[in-house]
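Undergrad: Dumping the structure here so I can ask a few things about it.
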Amino acid sequence: MVLGQQSFAEKMLKLAKKTLGRTKSRAFRGVALRRAHGLERAEEWQREGLAAAGLNEKELAATSGSDPRKVALARLLWRGTTVSQVWLAERLAMRSAANVSQQLRRVGTKPIIGNLPKGLATFLEQATDHD
């Protein structure tokens with residue numbers, strides 16, 4: 001009986017080495033690349049979106065986290081890139097990730113209530129069309 005257990009253990013060890021020795025799947029290997037691409041896209045969209053919204057760094061810090069321009073841009077970035085809500089909170093001056101989450105949940109898929117500048121509305125439409 002001991003011989004059978006040893007044989008079983010050797011087979012399992014051989015199988016484990018074979019499985020653990022494999023390279024990761026193509027999908028797994030591409031995660032870092034996909035994440036980097038998402039970050040590049042987010043930074044580009046953030047710059048373009050803030051310009052279209054007419055917000056500079058000083059105005060960004062002074063406006064509320066629930067400002068329709070910020071919420072609309074946060075929704076685009078959240079849906080179209082791989083950035084986190086922490087990143088959105090920091091880069092859009094929306095106080096915290098919890099606030100970003102709450103604002104995104106409130107608007108859902110509905111149109112953003114509030115007057116969005118025409119340039120921002122056009123930018124959002126074009127960005128979502130290219131997605």
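Labeling convention for the structure tokens: chains A, B, ... as they appear, residues from 1 per chain, ligands from 1 in order of appearance.
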Out of range 74-111 of chain A, which residues get helix (DSSP H, G or I) from DSSP, as a CSV table (one decimal) with N, CA and C atoms, in the first residue's frame?

TA:
chain,number,residue,atom,x,y,z
A,74,ALA,N,-16.2,61.7,-15.7
A,74,ALA,CA,-15.9,60.5,-14.9
A,74,ALA,C,-16.6,59.2,-15.5
A,75,ARG,N,-17.9,59.4,-15.9
A,75,ARG,CA,-18.6,58.3,-16.5
A,75,ARG,C,-17.9,57.7,-17.8
A,76,LEU,N,-17.5,58.7,-18.6
A,76,LEU,CA,-16.8,58.3,-19.9
A,76,LEU,C,-15.5,57.5,-19.5
A,77,LEU,N,-14.7,58.0,-18.6
A,77,LEU,CA,-13.5,57.4,-18.3
A,77,LEU,C,-13.7,56.1,-17.6
A,78,TRP,N,-14.7,56.0,-16.7
A,78,TRP,CA,-14.9,54.7,-16.0
A,78,TRP,C,-15.4,53.6,-17.0
A,79,ARG,N,-16.2,54.0,-17.9
A,79,ARG,CA,-16.7,53.0,-18.9
A,79,ARG,C,-15.8,52.6,-20.0
A,80,GLY,N,-15.0,53.6,-20.4
A,80,GLY,CA,-14.2,53.4,-21.6
A,80,GLY,C,-12.7,53.1,-21.3
A,85,GLN,N,-11.6,54.1,-9.6
A,85,GLN,CA,-12.4,55.2,-9.1
A,85,GLN,C,-11.5,56.1,-8.2
A,86,VAL,N,-10.5,55.5,-7.6
A,86,VAL,CA,-9.5,56.3,-6.9
A,86,VAL,C,-8.8,57.3,-7.8
A,87,TRP,N,-8.4,56.8,-9.0
A,87,TRP,CA,-7.7,57.6,-10.0
A,87,TRP,C,-8.7,58.7,-10.4
A,88,LEU,N,-9.9,58.4,-10.7
A,88,LEU,CA,-10.9,59.4,-11.1
A,88,LEU,C,-11.1,60.5,-10.0
A,89,ALA,N,-11.2,60.1,-8.8
A,89,ALA,CA,-11.3,61.0,-7.7
A,89,ALA,C,-10.1,62.0,-7.6
A,90,GLU,N,-9.0,61.4,-7.8
A,90,GLU,CA,-7.8,62.3,-7.7
A,90,GLU,C,-7.6,63.2,-8.9
A,91,ARG,N,-7.8,62.7,-10.1
A,91,ARG,CA,-7.6,63.4,-11.3
A,91,ARG,C,-8.7,64.4,-11.6
A,97,ALA,N,-13.0,58.1,-3.8
A,97,ALA,CA,-13.5,57.1,-4.7
A,97,ALA,C,-15.0,56.8,-4.4
A,98,ALA,N,-15.3,56.9,-3.1
A,98,ALA,CA,-16.7,56.7,-2.7
A,98,ALA,C,-17.7,57.7,-3.3
A,99,ASN,N,-17.2,58.9,-3.4
A,99,ASN,CA,-18.0,60.0,-4.0
A,99,ASN,C,-18.2,59.7,-5.5
A,100,VAL,N,-17.1,59.3,-6.1
A,100,VAL,CA,-17.1,58.9,-7.6
A,100,VAL,C,-18.2,57.8,-7.8
A,101,SER,N,-18.1,56.8,-7.0
A,101,SER,CA,-19.0,55.7,-7.1
A,101,SER,C,-20.4,56.1,-6.9
A,102,GLN,N,-20.7,57.0,-5.9
A,102,GLN,CA,-22.0,57.5,-5.7
A,102,GLN,C,-22.5,58.3,-6.8
A,103,GLN,N,-21.7,59.2,-7.4
A,103,GLN,CA,-22.1,60.0,-8.5
A,103,GLN,C,-22.4,59.1,-9.7
A,104,LEU,N,-21.6,58.2,-10.0
A,104,LEU,CA,-21.8,57.3,-11.2
A,104,LEU,C,-23.0,56.4,-11.0
A,105,ARG,N,-23.3,56.0,-9.8
A,105,ARG,CA,-24.5,55.2,-9.5
A,105,ARG,C,-25.7,56.0,-9.7
A,106,ARG,N,-25.7,57.3,-9.3
A,106,ARG,CA,-26.8,58.2,-9.4
A,106,ARG,C,-27.2,58.4,-10.8
A,107,VAL,N,-26.2,58.7,-11.7
A,107,VAL,CA,-26.6,59.0,-13.1
A,107,VAL,C,-26.8,57.7,-13.9

Undergrad: So which residues touch Trp45 in chain A within 10 Å, counting only C-alpha atoms, skipping near sequence neighbours fewer than 6 positions away, as a PDB file with C-alpha atoms, in the first residue's frame?

TA:
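The result, stored in result.pdb:
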ATOM      1  CA  LEU A  39      -4.265  54.620 -18.716  1.00  0.00           C
ATOM      2  CA  ALA A  51     -10.491  71.467 -22.231  1.00  0.00           C
ATOM      3  CA  LEU A  73     -16.265  62.953 -17.811  1.00  0.00           C
ATOM      4  CA  LEU A  76     -16.804  58.271 -19.862  1.00  0.00           C
ATOM      5  CA  LEU A  77     -13.458  57.421 -18.251  1.00  0.00           C
ATOM      6  CA  GLY A  80     -14.151  53.433 -21.569  1.00  0.00           C
ATOM      7  CA  THR A  81     -10.848  52.849 -19.775  1.00  0.00           C
ATOM      8  CA  PHE A 123     -16.439  65.413 -27.162  1.00  0.00           C
ATOM      9  CA  LEU A 124     -18.381  62.836 -25.096  1.00  0.00           C
ATOM     10  CA  ALA A 127     -15.416  59.490 -27.608  1.00  0.00           C
TER      11      ALA A 127
END

Undergrad: For each of A:Gln6, A:Thr109, A:Asn115, A:Ala93, take the minimum atom-to-atom distance to Asn56 in chain A, counting only C-alpha atoms, then give the residue where this is smallest.

TA: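 Residue with the minimum atom-to-atom distance to Asn56 in chain A: A:Ala93.
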
Undergrad: Work out how far CA of Ile113 in chain A is from CA of Lys70 in chain A, in Å to one decimal.

TA: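 CA of Ile113 in chain A lies at a distance of 12.0 Å from CA of Lys70 in chain A.
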
Undergrad: Can you tell me, as number ranges by chain, what residues are no more than 12 Å from Glu40 in chain A when counting only C-alpha atoms, ignoring any on the same chain fewer than 3 positions away?

TA: A: 33-37, 43-47, 77, 80-83

Undergrad: Residues of the last selection are to be written out with C-alpha atoms, as an mmCIF file, in the first residue's frame.

TA:
data_model
loop_
_atom_site.group_PDB
_atom_site.id
_atom_site.type_symbol
_atom_site.label_atom_id
_atom_site.label_comp_id
_atom_site.auth_asym_id
_atom_site.auth_seq_id
_atom_site.Cartn_x
_atom_site.Cartn_y
_atom_site.Cartn_z
ATOM 1 C CA LEU A 33 -0.389 46.052 -21.843
ATOM 2 C CA ARG A 34 -4.159 46.543 -21.834
ATOM 3 C CA ARG A 35 -3.982 48.410 -18.531
ATOM 4 C CA ALA A 36 -1.216 50.700 -19.831
ATOM 5 C CA HIS A 37 -3.222 51.404 -22.980
ATOM 6 C CA GLU A 43 -5.086 60.637 -19.605
ATOM 7 C CA GLU A 44 -5.760 61.733 -23.179
ATOM 8 C CA TRP A 45 -9.537 61.816 -22.657
ATOM 9 C CA GLN A 46 -9.093 63.654 -19.369
ATOM 10 C CA ARG A 47 -7.029 66.412 -21.028
ATOM 11 C CA LEU A 77 -13.458 57.421 -18.251
ATOM 12 C CA GLY A 80 -14.151 53.433 -21.569
ATOM 13 C CA THR A 81 -10.848 52.849 -19.775
ATOM 14 C CA THR A 82 -9.272 50.705 -17.082
ATOM 15 C CA VAL A 83 -8.700 53.447 -14.494
#
